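Comments concern the structure below.
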Amino acid sequence: MTIDVPPSTGRALPQLQPISFIGPDSSPTDAPTEGLSIPSDRTLLGLYRQMVHVRRFEAQVTHLTRQGRLATYPSAAGQEACEVGATTALAPNDWLFPTYRDSASLLTRGVPVAEILAAFRGDWHCGFDPHEYHTSPAATPLATQTLHATGFAMAAKLKGTDAATLTFLGDGASSEGDTHEAFNFASVWQTPTVFVLQNNQYAISTPLREQSNATMLADRAAGYGMPGIRVDGNDVAAVFAAVATALERGRNGEGPTLIECLTYRMESHTNSDDPTKYRDAEEVEHWKQFDPITRLETYLRSTGVLDDAGFDEITASAEELAASVRDAMNDEAVIDPSELFAHVYASPRASLGEQQKILEAELAAAGRA
Amino acid sequence: MTIDVPPSTGRALPQLQPISFIGPDSSPTDAPTEGLSIPSDRTLLGLYRQMVHVRRFEAQVTHLTRQGRLATYPSAAGQEACEVGATTALAPNDWLFPTYRDSASLLTRGVPVAEILAAFRGDWHCGFDPHEYHTSPAATPLATQTLHATGFAMAAKLKGTDAATLTFLGDGASSEGDTHEAFNFASVWQTPTVFVLQNNQYAISTPLREQSNATMLADRAAGYGMPGIRVDGNDVAAVFAAVATALERGRNGEGPTLIECLTYRMESHTNSDDPTKYRDAEEVEHWKQFDPITRLETYLRSTGVLDDAGFDEITASAEELAASVRDAMNDEAVIDPSELFAHVYASPRASLGEQQKILEAELAAAGRA
Amino acid sequence: MSVDAEATASATADSGGGTAATAPAPVTMTKALNAALRDSLAADENVLVYGEDVGRLGGVFRVTEGLRKEFGPERVWDSPLAESGIVGTAIGMAMGGMRPVIEMQFDAYAYPAFEQIVSHVAKMRNRTKGRVSLPITIRIPYAGDIGGVEHHSDSSEAYWTSTPGLTVLTPSNPADAYSLLRESIASDDPVIFMEPKSRYWMKETLSLPVTTAPMNRAEVVRKGSDVTLLAYGPTVRTAVEAAEAGAEHGLSVEVIDLRTLSPFDDETVSASVRKTSRAAIIHEAAQFGGYGAEVAARVTERNFTHLSAPILRITGFDVPYPSPKLEEYYLPTVERVLDAFETWDWEL
Amino acid sequence: MSVDAEATASATADSGGGTAATAPAPVTMTKALNAALRDSLAADENVLVYGEDVGRLGGVFRVTEGLRKEFGPERVWDSPLAESGIVGTAIGMAMGGMRPVIEMQFDAYAYPAFEQIVSHVAKMRNRTKGRVSLPITIRIPYAGDIGGVEHHSDSSEAYWTSTPGLTVLTPSNPADAYSLLRESIASDDPVIFMEPKSRYWMKETLSLPVTTAPMNRAEVVRKGSDVTLLAYGPTVRTAVEAAEAGAEHGLSVEVIDLRTLSPFDDETVSASVRKTSRAAIIHEAAQFGGYGAEVAARVTERNFTHLSAPILRITGFDVPYPSPKLEEYYLPTVERVLDAFETWDWEL
Ligand SMILES: Cc1ncc(C[n+]2csc(CCOP(=O)(O)OP(=O)(O)O)c2C)c(N)n1
Ligand SMILES: Cc1ncc(C[n+]2csc(CCOP(=O)(O)OP(=O)(O)O)c2C)c(N)n1
Ligand SMILES: [Mg+2]
Ligand SMILES: [Mg+2]
């Protein structure tokens with residue numbers, strides 16, 4: 001049957017070696033670049049600065065969990081190049097659809113420290129105003145946000161704005177049905193959506209090889225007629241370039257892109273996890289050589305973009321950020337119990353009013369109102 | 001980063017031209033065959049015979065819906081090569097996981113006419129004993145059965161039996177999250193599962209181009225590290241050979257296979273559908289030239305495997321089948337109202353007993369018990 | 001029903017208004033729904049209609065017939081076949097300023113979207129302290145009595161009504177179908193809009209647009225003094241027939257059409273129950289954990305001393321929705337209603 | 001708890017039995033569940049345990065700890081991360097003769113599997129007129145009071161209890177956790193087995209294996225004569241504390257642990273209510289359409305003339321499960337129970 005065979009454009013499976021500009025040894029690589037260009041020195045310095053900041057931020061927050069002052073925190077330590085590289089590539093009007101893992105991206109997006117912490121210390125679920133930061137609430141149900149990012153991008157396309165959307169998802173989340181549906185809807189509708197799949201090789205304890213039998217997760221894209229590329233997720237230059245280009249493609253009406261960032265989760269899943277149950281210390285040790293921050297630091301020093309003074313200034317400002325985290329924690333918000341009822345519906349419900357009265361009476365009786 | 005790049009085996013995207021042995025003009029094609037061999041004359045004659053039977057069966061059933069004697073029937077007219085070719089390739093111990101579209105496969109699997117009709121005339125949901133025919137109830141919720149087929153195959157693998165499973169799904173169903181999850185589980189677990197995707201180019205009214213932007217749906221397979229091939233779904237020789245080989249692979253521990261069968265739904269979605277709203281008569285007309293039955297008939301006559309006497313015998317036996325359909329319809333089953341309660345739980349529930357008494361009292365009062 | 005320039009300019013959040021009125025004519029529920037969608041699309045350019053087969057085909061029940069042609073495939077279109085995808089993208093679209101009206105083809109086919117509905121649609125406003133509204137209308141054809149194959153006749157209202165954050169409506173007649181759907185689409189709260197399949201072809205003489213009682217209000221559709229019979233969607237007709245049959249036996253039955261399942265209109269129902277002292281609720285869904293349980297529980301809580309008898313639930317049995325030949329035994333009938341009334345001790 | 005040859009040979013459908021008894025020792029609910037899984041795996045080679053992180057890690061709550069090591073990765077393993085996939089494959093495995101015991105990592109993460117559970121797990125037996133059994137146990141950690149992030153504290157029991165075809169159990173203590181889980185796994189009916197997260201670390205001195213009352217029976221856990229207080233899972237402890245507090249005020253509260261939510265043990269509950277004439281149900285889930293509605297409705301239907309007051313529901317409020325700092329205001333407390341009792345007219 002020689003009929004109805006559609007054209008084969010965009011069908012080929014891409015490179016196996018991840019796209020990379022700056023190698024683990026901090027020198028330029030001969031890895032494929034797929035036509036991308038390395039960001040300017042200025043951009044690289046900004047990315048470096050921001051990576052240092054988010055790492056310091058996460059170290060501080062993780063420390064607070066160890067002290068028992070915060071219940072749970074999923075750190076993205078080791079994944080700063082993905083978080084910062086991808087998020088920095090966004091234009092202000094673009095929207096970000098992050099997950100629980102992506103506090104570093106919230107910080108990069110400009111969400112204030114206190115508002116990021118608000119969610120983790122249990123003040124309120126979201127913690128910030130999504131419309132203010134063009135950033136959706138961090139999604140906890142895995143993969144669900146990939147569809148929100150697709151729908152938002154469709155709205156932008158229909159309204160004719162130039163907003164694109166970026167969503168993060170993990171290697172584990174890639175197994176959920178919603179991921180498939182999002183890839184498909186985005187490609188059929190040709191929405192300006194960039195899917196940044198942070199393949200950190202574990203979904204809590206489940207290693208990649210038990211999550212997928214694919215040669216690489218970027219290979220999923222071909223099945224949707226969507227470009228899929230694999231990037232060294234610890235090379236922020238590569239992540240930034242790939243995401244910026246994909247966003248641009250989206251804005252130009254060329255549809256969505258899947259970007260698999262190969263990286264590694266250096267910390268436990270959250271502080272309540274025990275990674276010794278499922279991975280060797282050597283494996284973690286091995287991945288230290290690919291650290292995204294020291295790699296860029298050495299590179300920037302070698303090219304003269306960073307010197308000791310610059311380094312000290314960045315370190316100091318990261319320390320200020322850490323201090324602001326501690327300050328924010330000391331400034332514990334008091335949550336009004338009426339918040340329970342205030343935002344369930346746009347139009348108030350009589351029965352919720354009745355329930356609120358019950359609670360108020362209870363609190364009054366306990367001398368708490 | 002040159003580490004951790006897995007081998008590229010099985011990664012390449014397959015042929016674009018569908019695998020085919022016997023072309024639309026009934027002569028051998030020069031399409032790719034991917035190492036498959038054309039079935040024996042004897043097998044081809046059996047396939048031909050069964051295709052004639054199922055077509056006659058479906059024509060008869062469709063006629064009964066037109067007479068208003070059956071409510072709804074989704075015919076697979078035009079898709080007989082997929083239905084018969086795939087199902088015939090099964091060994092008796094294998095299990096089939098069909099959909100509402102696949103009555104032809106139930107018939108091929110040996111489910112008696114009256115039991116197939118039982119579901120359509122509203123006697124009971126399934127209509128037959130799955131364990132007797134090694135065939136799951138025809139699934140109505142799209143794509144859900146792909147996971148059942150995967151799970152069953154995993155059970156067979158764990159138990160060390162040699163059963164493989166085959167499931168049908170449509171181009172529309174391929175968009176559901178469950179399809180993705182089934183492909184992934186099957187490939188990670190390397191289960192003996194064959195996914196036969198009947199791409200008949202419509203999901204009710206929705207054309208393929210609004211369902212998927214993929215060049216071909218078989219391309220999905222690469223993203224799971226699973227072989228994916230496209231077959232001329234109107235060439236029963238190709239379908240049979242591809243499915244038989246895939247089942248064999250599965251039994252040999254080589255895991256699942258996705259087989260996209262390119263075909264066309266000649267009838268309306270069901271008899272309550274109005275296809276004039278969404279497709280041209282010319283398109284349907286165009287597809288007549290690819291008819292799977294006339295194609296094989298001409299081929300078998302040309303090779304001398306089929307002669308007039310053989311043809312007449314097959315036609316006559318198909319007429320007998322049609323007569324048995326009419327007989328079965330005249331033999332209307334009386335359904336005992338207690339069936340409502342009999343099979344909800346393995347262990348009886350007191351409250352259902354009470355409800356059954358209410359119903360019995362109602363029927364007694366109405367003089368119906 | 002033509003949508004003129006004026007309609008586009010003036011129609012706003014209030015249902016009805018805007019469209020030039022049609023002369024009174026018999027209108028089916030599908031036509032009324034179709035008109036509500038058309039008028040909503042005309043009234044607000046952010047309104048979008050998509051789902052499985054809602055475009056070219058006009059939906060398997062023809063509720064969206066003609067809309068793609070009239071408003072173009074950028075406003076009304078066929079989506080890929082994936083319900084979680086449909087709801088999930090609608091969430092994103094609503095965050096992006098749209099008011100999507102999406103269709104789940106049959107009741108049981110909303111289940112793949114369960115997580116998106118329960119974990120996001122219902123919770124986004126609360127999660128964001130009101131910063132993010134999701135004005136999404138999810139249309140779900142529901143309930144049975146159509147001789148459908150398995151999974152085509154579920155009554156899933158209890159799943160939605162027991163989920164805080166959702167508003168759940170169900171019309172029982174063409175006028176309400178129009179008016180409530182327009183209100184749903186105009187609402188800033190997400191609405192589960194349940195359409196009783198077996199009543200799609202029910203006709204009523206109407207002039208459109210029509211504005212009926214606002215959502216969140218139940219309606220007394222037949223006055224009575226002995227019993228309050230609560231119904232919604234497909235069972236309102238059964239309830240009225242039961243009231244008529246009761247009248248023949250000297251029983252005066254007040255029938256209330258709930259219209260909105262969540263929130264529940266305690267005021268209207270309590271007023272009636274305090275008058276009659278007896279109440280029953282009728283629905284197609286199974287009894288155990290069905291919506292009738294909430295009705296019975298809350299009406300009893302609020303009116304215990306006014307009740308002469310327990311509130312009865314006249315419902316489907318506690319079994320999966322049966323195959324067509326068993327449907328007649330499953331569905332609550334006029335006789336089952338009257339039999340239930342007889343179980344009460346009328347001396348109390 | 002060692003699994004010896006004898007255990008493997010003799011353990012059958014009856015829970016307990018088989019494993020050599022351990023000396024009495026304090027056992028947490030997680031340990032009891034772990035022992036039940038271990039003994040079930042040892043007793044029947046068709047029992048399989050899989051799900052997200054249940055293998056190497058032993059589950060995020062450590063309920064499956066050590067099982068992969070003991071029984072090997074062909075019996076106990078980590079699946080890909082997809083709940084519909086986990087349930088859907090379990091259906092196929094059960095059709096193929098296995099008895100899968102699968103875990104949904106948190107309550108809200110069963111929602112992606114909703115269609116597989118509601119449209120297939122619950123209906124397969126009925127659809128096939130009993131030809132196909134699905135002996136699947138779906139373990140769901142549920143409810144709150146753990147300071148969890150969003151989606152980690154849902155009480156979803158009403159979704160399952162309102163679905164005909166499912167059996168829904170929830171233990172409130174380690175002994176029941178062991179015994180009911182063994183019974184679930186041995187049952188030919190699919191079971192939704194809901195584990196109260198906040199009680200995972202509750203300890204009881206036990207000798208294992210232990211056989212408690214069979215499933216489908218409620219248990220009077222504290223005798224009383226003035227009020228019947230119904231509870232399950234996490235709220236049984238609250239109920240007992242409320243009964244103790246009530247006793248200080250001269251109120252004699254009978255506490256019943258429902259244990260099985262579907263089916264409901266009408267007999268045990270009615271007997272108690274006929275004695276006390278007053279009843280209340282306490283649960284964490286929101287009130288509207290919650291499981292308590294069914295309890296209130298059916299207990300009232302069956303015992304109306306014996307009741308002196310309406311059945312009260314002491315529950316979470318009708319809002320999405322709140323963030324940790326609001327949790328204490330949301331969850332039903334001993335005070336809320338006692339306040340509720342005061343709303344009754346005690347003169348009646
Ligand atoms: C639908 C759903 N199922 C399960 C979970 C529980 N869970 C939270 S994080 C996680 C692992 C996710 O792994 P991955 O997607 O690789 O992201 P990573 O944590 O590595 O960033 C799981 C299973 C969830 N949040 N949502
Ligand atoms: C989960 C689910 N959603 C929607 C439907 C309604 N429905 C039945 S058949 C169909 C189209 C299926 O198309 P395809 O998968 O291509 O199979 P075909 O009918 O062409 O054989 C739809 C939308 C369904 N059965 N299940
Ligand atoms: Mg990961
Ligand atoms: Mg199709």
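For the structure tokens, the naming scheme is as follows: chains receive sequential letters (A, B, ...) according to their order of presentation, residues are indexed from 1 within each chain, and ligands are indexed from 1 in presentation order.
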Open item on the list: Show me, as a VMD selection string, every residue of chain D with an atom at most 8 Å from chain A, counting only C-alpha atoms.
Closed with: chain D and resid 52 to 53 56 to 57 60 78 to 84 108 to 109 147 149 to 151 317 to 320 322 to 326 329 to 330 335 to 336
Given a cut-off of 7 Å, which residues of chain C touch chain D, counting only C-alpha atoms, written out as a short mmCIF file (atom, residue, chain, number, x, y, z; two decimals) with all heavy atoms, in the first residue's frame?
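Final output, saved to result.cif:
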data_model
loop_
_atom_site.label_atom_id
_atom_site.label_comp_id
_atom_site.auth_asym_id
_atom_site.auth_seq_id
_atom_site.Cartn_x
_atom_site.Cartn_y
_atom_site.Cartn_z
N TYR C 111 -13.91 9.29 34.11
CA TYR C 111 -13.04 8.69 35.14
C TYR C 111 -11.55 8.82 34.83
O TYR C 111 -10.75 9.01 35.75
CB TYR C 111 -13.40 7.22 35.38
CG TYR C 111 -14.85 6.99 35.81
CD1 TYR C 111 -15.46 5.75 35.62
CD2 TYR C 111 -15.62 7.99 36.40
CE1 TYR C 111 -16.78 5.50 36.00
CE2 TYR C 111 -16.94 7.76 36.79
CZ TYR C 111 -17.51 6.52 36.58
OH TYR C 111 -18.80 6.29 36.95
N PRO C 112 -11.13 8.71 33.56
CA PRO C 112 -9.70 8.92 33.32
C PRO C 112 -9.24 10.32 33.73
O PRO C 112 -8.05 10.54 33.95
CB PRO C 112 -9.55 8.74 31.80
CG PRO C 112 -10.75 7.96 31.37
CD PRO C 112 -11.85 8.33 32.33
N PHE C 114 -10.24 11.81 36.44
CA PHE C 114 -10.59 11.97 37.85
C PHE C 114 -9.53 12.77 38.63
O PHE C 114 -9.85 13.68 39.39
CB PHE C 114 -10.78 10.59 38.49
CG PHE C 114 -11.50 10.65 39.80
CD1 PHE C 114 -12.88 10.82 39.85
CD2 PHE C 114 -10.82 10.53 41.00
CE1 PHE C 114 -13.55 10.87 41.07
CE2 PHE C 114 -11.48 10.59 42.22
CZ PHE C 114 -12.85 10.76 42.25
N GLU C 115 -8.28 12.42 38.43
CA GLU C 115 -7.23 13.12 39.17
C GLU C 115 -7.21 14.61 38.83
O GLU C 115 -7.11 15.46 39.72
CB GLU C 115 -5.86 12.50 38.85
CG GLU C 115 -4.73 13.19 39.61
CD GLU C 115 -3.36 12.68 39.22
OE1 GLU C 115 -3.16 12.36 38.03
OE2 GLU C 115 -2.48 12.59 40.08
N LYS C 123 -9.46 22.18 43.45
CA LYS C 123 -8.59 22.73 44.50
C LYS C 123 -7.77 23.95 44.12
O LYS C 123 -7.13 24.54 44.98
CB LYS C 123 -7.63 21.63 44.98
CG LYS C 123 -8.35 20.50 45.72
CD LYS C 123 -7.40 19.42 46.19
CE LYS C 123 -8.15 18.38 47.01
NZ LYS C 123 -7.38 17.16 47.24
N ALA C 158 -22.23 11.25 42.80
CA ALA C 158 -21.70 11.21 44.18
C ALA C 158 -20.19 11.45 44.22
O ALA C 158 -19.67 12.01 45.18
CB ALA C 158 -22.05 9.89 44.86
N TYR C 159 -19.49 11.01 43.18
CA TYR C 159 -18.04 11.26 43.16
C TYR C 159 -17.76 12.77 43.17
O TYR C 159 -16.82 13.23 43.81
CB TYR C 159 -17.39 10.65 41.93
CG TYR C 159 -17.52 9.14 41.82
CD1 TYR C 159 -17.87 8.54 40.61
CD2 TYR C 159 -17.26 8.31 42.91
CE1 TYR C 159 -17.97 7.16 40.49
CE2 TYR C 159 -17.36 6.94 42.79
CZ TYR C 159 -17.71 6.37 41.58
OH TYR C 159 -17.80 5.01 41.46
N THR C 161 -20.05 15.28 43.98
CA THR C 161 -20.64 16.03 45.10
C THR C 161 -19.85 15.83 46.38
O THR C 161 -19.89 16.68 47.26
CB THR C 161 -22.11 15.65 45.33
OG1 THR C 161 -22.21 14.24 45.48
CG2 THR C 161 -22.98 16.09 44.16
N SER C 162 -19.14 14.73 46.51
CA SER C 162 -18.38 14.55 47.74
C SER C 162 -16.98 15.17 47.64
O SER C 162 -16.15 14.95 48.51
CB SER C 162 -18.31 13.08 48.13
OG SER C 162 -17.63 12.34 47.17
N PRO C 164 -15.10 18.62 47.82
CA PRO C 164 -15.22 20.06 48.08
C PRO C 164 -14.50 20.84 46.97
O PRO C 164 -13.43 20.43 46.52
CB PRO C 164 -14.50 20.24 49.41
CG PRO C 164 -14.47 18.90 50.05
CD PRO C 164 -14.43 17.91 48.93
N GLY C 165 -15.11 21.94 46.57
CA GLY C 165 -14.51 22.77 45.52
C GLY C 165 -15.26 22.69 44.22
O GLY C 165 -15.06 23.52 43.34
N PHE C 288 -26.07 2.81 48.21
CA PHE C 288 -24.99 2.86 49.20
C PHE C 288 -24.01 3.97 48.84
O PHE C 288 -23.33 3.91 47.81
CB PHE C 288 -24.27 1.52 49.26
CG PHE C 288 -23.45 1.35 50.51
CD1 PHE C 288 -24.00 0.78 51.65
CD2 PHE C 288 -22.13 1.77 50.58
CE1 PHE C 288 -23.25 0.63 52.82
CE2 PHE C 288 -21.37 1.62 51.73
CZ PHE C 288 -21.93 1.05 52.86
N GLY C 289 -23.93 4.97 49.70
CA GLY C 289 -23.01 6.08 49.43
C GLY C 289 -23.43 6.97 48.29
O GLY C 289 -22.65 7.81 47.83
N GLY C 290 -24.66 6.80 47.83
CA GLY C 290 -25.16 7.66 46.75
C GLY C 290 -25.46 9.05 47.27
O GLY C 290 -25.42 9.31 48.48
N TYR C 291 -25.82 9.93 46.36
CA TYR C 291 -26.11 11.31 46.74
C TYR C 291 -27.27 11.38 47.72
O TYR C 291 -27.33 12.24 48.59
CB TYR C 291 -26.41 12.13 45.48
CG TYR C 291 -26.70 13.58 45.80
CD1 TYR C 291 -25.68 14.42 46.23
CD2 TYR C 291 -27.98 14.10 45.67
CE1 TYR C 291 -25.94 15.75 46.53
CE2 TYR C 291 -28.25 15.43 45.97
CZ TYR C 291 -27.22 16.25 46.40
OH TYR C 291 -27.47 17.56 46.70
N ALA C 293 -27.81 9.68 50.21
CA ALA C 293 -27.36 9.54 51.60
C ALA C 293 -27.12 10.92 52.20
O ALA C 293 -27.54 11.21 53.32
CB ALA C 293 -26.07 8.71 51.64
N GLU C 294 -26.45 11.79 51.46
CA GLU C 294 -26.21 13.14 51.96
C GLU C 294 -27.54 13.85 52.19
O GLU C 294 -27.74 14.52 53.20
CB GLU C 294 -25.36 13.94 50.97
CG GLU C 294 -25.15 15.40 51.34
CD GLU C 294 -24.47 15.59 52.70
OE1 GLU C 294 -23.63 14.73 53.06
OE2 GLU C 294 -24.76 16.59 53.40
N ALA C 296 -30.53 12.58 52.76
CA ALA C 296 -31.24 12.03 53.91
C ALA C 296 -30.58 12.47 55.21
O ALA C 296 -31.24 12.88 56.16
CB ALA C 296 -31.28 10.51 53.81
N ALA C 297 -29.24 12.41 55.24
CA ALA C 297 -28.53 12.75 56.46
C ALA C 297 -28.74 14.21 56.83
O ALA C 297 -29.08 14.54 57.97
CB ALA C 297 -27.04 12.45 56.30
N THR C 300 -32.40 15.20 57.72
CA THR C 300 -32.74 14.67 59.04
C THR C 300 -32.07 15.50 60.15
O THR C 300 -32.72 15.88 61.12
CB THR C 300 -32.29 13.20 59.16
OG1 THR C 300 -32.85 12.46 58.10
CG2 THR C 300 -32.74 12.60 60.49
N GLU C 301 -30.80 15.78 59.97
CA GLU C 301 -30.09 16.60 60.98
C GLU C 301 -30.83 17.90 61.25
O GLU C 301 -30.98 18.33 62.40
CB GLU C 301 -28.70 17.00 60.46
CG GLU C 301 -27.62 15.98 60.67
CD GLU C 301 -26.45 16.20 59.70
OE1 GLU C 301 -26.36 17.24 59.03
OE2 GLU C 301 -25.63 15.26 59.59
N PHE C 304 -35.08 17.03 62.35
CA PHE C 304 -35.41 15.77 63.03
C PHE C 304 -36.75 15.82 63.75
O PHE C 304 -37.60 14.95 63.58
CB PHE C 304 -34.30 15.40 64.02
CG PHE C 304 -34.51 14.06 64.68
CD1 PHE C 304 -34.31 12.89 63.96
CD2 PHE C 304 -34.92 13.97 65.99
CE1 PHE C 304 -34.50 11.64 64.56
CE2 PHE C 304 -35.11 12.73 66.60
CZ PHE C 304 -34.90 11.56 65.88
N ALA C 309 -41.26 10.28 60.05
CA ALA C 309 -40.78 9.01 59.52
C ALA C 309 -39.37 9.22 58.97
O ALA C 309 -38.99 10.36 58.68
CB ALA C 309 -41.71 8.54 58.40
N PRO C 310 -38.62 8.14 58.83
CA PRO C 310 -37.28 8.30 58.26
C PRO C 310 -37.36 8.73 56.80
O PRO C 310 -38.32 8.41 56.12
CB PRO C 310 -36.68 6.90 58.37
CG PRO C 310 -37.84 5.98 58.40
CD PRO C 310 -38.94 6.73 59.11
N ILE C 311 -36.35 9.44 56.39
CA ILE C 311 -36.29 9.83 54.98
C ILE C 311 -35.91 8.60 54.17
O ILE C 311 -34.98 7.87 54.51
CB ILE C 311 -35.28 10.97 54.80
CG1 ILE C 311 -35.84 12.18 55.54
CG2 ILE C 311 -35.04 11.25 53.32
CD1 ILE C 311 -35.00 13.41 55.45
N LEU C 312 -36.68 8.37 53.13
CA LEU C 312 -36.45 7.16 52.33
C LEU C 312 -35.61 7.47 51.12
O LEU C 312 -35.68 8.56 50.55
CB LEU C 312 -37.78 6.57 51.89
CG LEU C 312 -38.67 6.06 53.01
CD1 LEU C 312 -39.96 5.52 52.43
CD2 LEU C 312 -37.93 4.96 53.78
N ASP C 318 -27.71 -1.69 44.79
CA ASP C 318 -26.27 -1.57 45.04
C ASP C 318 -25.46 -2.53 44.17
O ASP C 318 -24.71 -3.38 44.68
CB ASP C 318 -25.97 -1.78 46.52
CG ASP C 318 -26.50 -0.61 47.34
OD1 ASP C 318 -26.62 0.50 46.79
OD2 ASP C 318 -26.79 -0.80 48.53
N VAL C 319 -25.62 -2.37 42.87
CA VAL C 319 -24.96 -3.25 41.89
C VAL C 319 -24.43 -2.36 40.77
O VAL C 319 -24.90 -1.25 40.59
CB VAL C 319 -25.98 -4.27 41.33
CG1 VAL C 319 -26.62 -5.07 42.46
CG2 VAL C 319 -27.05 -3.60 40.49
N PRO C 320 -23.47 -2.86 40.01
CA PRO C 320 -23.03 -2.10 38.85
C PRO C 320 -24.20 -1.90 37.88
O PRO C 320 -25.10 -2.74 37.83
CB PRO C 320 -21.96 -3.01 38.21
CG PRO C 320 -21.49 -3.89 39.33
CD PRO C 320 -22.70 -4.11 40.19
#
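The coordinates place CA of Pro135 in chain D at 20.8 Å from CA of Ala182 in chain B.
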TODO: Excluding Pro137 in chain B and any residue of its chain fewer than 6 positions from it, enumerate the residues within 12 Å of it, using only C-alpha atoms, and give them as a PyMOL selection string.
DONE: (chain B and resi 95-103+105-106+111+115-116+119+124-131+144-145+148-149+167) or (chain C and resi 150) or (chain D and resi 92+95+120+123-129+131-132)
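Counting only C-alpha atoms, range 25-30 of chain A has the following residues at most 8 Å away, ignoring those fewer than 4 positions along the same chain: Ser20, Phe21, Arg295, Leu296, Thr298 and Tyr299 of chain A.
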Preceding selection exported with C-alpha atoms as a short mmCIF file (atom, residue, chain, number, x, y, z; two decimals), in the first residue's frame:
data_model
loop_
_atom_site.label_atom_id
_atom_site.label_comp_id
_atom_site.auth_asym_id
_atom_site.auth_seq_id
_atom_site.Cartn_x
_atom_site.Cartn_y
_atom_site.Cartn_z
CA SER A 20 27.10 19.89 25.64
CA PHE A 21 29.32 22.93 25.36
CA ARG A 295 32.48 22.94 36.16
CA LEU A 296 31.26 26.39 35.15
CA THR A 298 36.57 26.62 36.41
CA TYR A 299 35.49 27.43 32.86
#
Open item on the list: What parts of range 235-320 of chain B does DSSP call strand (DSSP E or B)? I'd like the answer as a count of residues only.
Closed with: 6
- [ ] Return as a PyMOL selection string the residues belonging to chain B that are within 9 Å of chain A, counting only C-alpha atoms.
- [x] chain B and resi 1-3+5-13+16-20+23-24+29+31+175-181+184-185+187-190+209-226+232+234-235+262+290
DSSP-assigned alpha helix (DSSP H) members of range 186-267 of chain A, reported as a short mmCIF file (atom, residue, chain, number, x, y, z; two decimals) with C-alpha atoms, in the first residue's frame:
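Result file is out_29.cif:
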data_model
loop_
_atom_site.label_atom_id
_atom_site.label_comp_id
_atom_site.auth_asym_id
_atom_site.auth_seq_id
_atom_site.Cartn_x
_atom_site.Cartn_y
_atom_site.Cartn_z
CA ALA A 186 0.97 19.82 22.51
CA SER A 187 2.17 18.34 19.26
CA VAL A 188 -1.26 18.01 17.64
CA TRP A 189 -2.12 21.56 18.62
CA LEU A 208 15.78 4.59 35.53
CA ARG A 209 16.27 1.07 34.18
CA GLU A 210 13.13 -0.05 36.03
CA GLN A 211 11.26 3.02 34.88
CA VAL A 236 24.11 25.00 32.15
CA ALA A 237 25.30 26.47 28.85
CA ALA A 238 23.73 23.58 26.97
CA VAL A 239 20.50 23.64 28.97
CA PHE A 240 20.08 27.38 28.53
CA ALA A 241 20.79 27.28 24.80
CA ALA A 242 18.48 24.33 24.20
CA VAL A 243 15.60 25.76 26.17
CA ALA A 244 15.95 29.28 24.78
CA THR A 245 15.90 27.90 21.26
CA ALA A 246 12.93 25.66 21.97
CA LEU A 247 10.98 28.56 23.46
CA GLU A 248 11.77 30.59 20.38
CA ARG A 249 10.58 27.75 18.14
CA GLY A 250 7.36 27.69 20.11
CA ARG A 251 6.83 31.41 19.75
#
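Among the candidates D:Arg139, D:His306, D:Arg199, D:Arg182, the one nearest to Ala271 in chain D when counting only C-alpha atoms is D:His306.
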- [ ] Determine, counting only C-alpha atoms, which protein, DNA and RNA residues have an atom within 9 Å of an atom of Leu158 in chain A; residues of the same chain fewer than 3 positions away are not included. Present the result as a ChimeraX atom specification.
- [x] /A:153-155,161 /C:74-75
